[in-house]
Each structure stands twice: as structure tokens, then as C-alpha cells.
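Presented below is the structure to which this report refers.
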Amino acid sequence: MSLLSAYMQKEQLLKQLTEELHNMESDQRLKAELEFKEKLEALMKEFDKSAADVIDLLDPKPANKSAAKAPTAAGGRRKRKLKIYKNPNTGEVVETRGGNQKTLKAWKDEFGGDTVESWLVRIEE
């Protein structure tokens, strides 16, 4: 592409964007939104509040946001649920967050996976 054709293409794009901008400026919805923004900024300035303060005030999420964000920020995925199994034959209890637990694997080899899964006592977060 020659320099002249690139210039003409950019000039055409500028003309098109200028026309779109002019159309948007005459839109009543945009005027209403700009007026709202100006009034909101004036109100925030009057009460010495930042945008973050307003968002925190209006956010419907619980106040303890740091606890809710911690699992995703730290590891990228949520923590697995704690499963608690109790062997009815021996009374032994195993707590695990994954299926790769030594005692649980031994039980599954000896008694079968379905039988061991029936020994599940409870699941915790």
C-alpha cells in the first residue's frame, strides 16, 4: 500500500468518524447521560467521595470482599470440598479434598469404589 493510499484511507476514516461523532452529539440519550455524569461528579465533589466510594456504597455484594476474592486470586481456581469418609468395619475416618489419598485408595482397591463412596459421611466447603 502506498503512502498516498494510506493517507486517503485514513482521511476517509476520519471523515466517517467525525460524522458519527456529530450524530451522537445530537442524540438526546447521550445528552441525558452526559448531564447525569456531570451532576454525579458534582455531587461526589460536594461530599468529597471518589468513584470507588460510590461503587462500594452501591455494590450489593457482601462487605467482606477480600475473603470472596482470595481463592480466585491466589490459585486461579476454587478450593475443593472436604469429603469425610468413615469405614464402618474399623471406624477409621479419612478427610480428603481429592481422590488421591493413600488410605482412601487402599479402601477402594479392597472394597470397591461404589462401596467406599457409600461411606461418605459429609461434605464441607
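Chains: A, B, ... in order of the C-alpha cells. Residues: from 1 per chain. Ligands: from 1, in order shown.
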
Can you pull out every residue from chain A that DSSP, working from the backbone, puts in strand (DSSP E or B), and format the result as a PyMOL selection string? chain A and resi 82-86+93-96+120-124

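You will find CA of Glu95 (chain A) at 10.1 Å from CA of Glu124 (chain A).
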
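With only C-alpha atoms taken into account, the protein and nucleic acid residues at most 12 Å from Ala106 (chain A) (excluding it and anything under 6 positions from it in its own chain) are Asn87, Val94, Gly99, Asn100, Gly112, Gly113 and Val116 of chain A.
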
Between CA of Ile123 (chain A) and CA of Lys61 (chain A), what is the distance in Å, rounded to a tenth? 25.7 Å

Mind the document's chain letters and residue numbers, and return as an MDAnalysis selection string the residues of region 2-120 of chain A that DSSP labels alpha helix (DSSP H). chainID A and resid 3:25 28:46 51:58 65:75 102:111 113:117

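The nearest approach to Lys83 (chain A) among the residues A:Leu43, A:Leu13, A:Leu104, A:Leu3, with only C-alpha atoms taken into account, belongs to A:Leu104.
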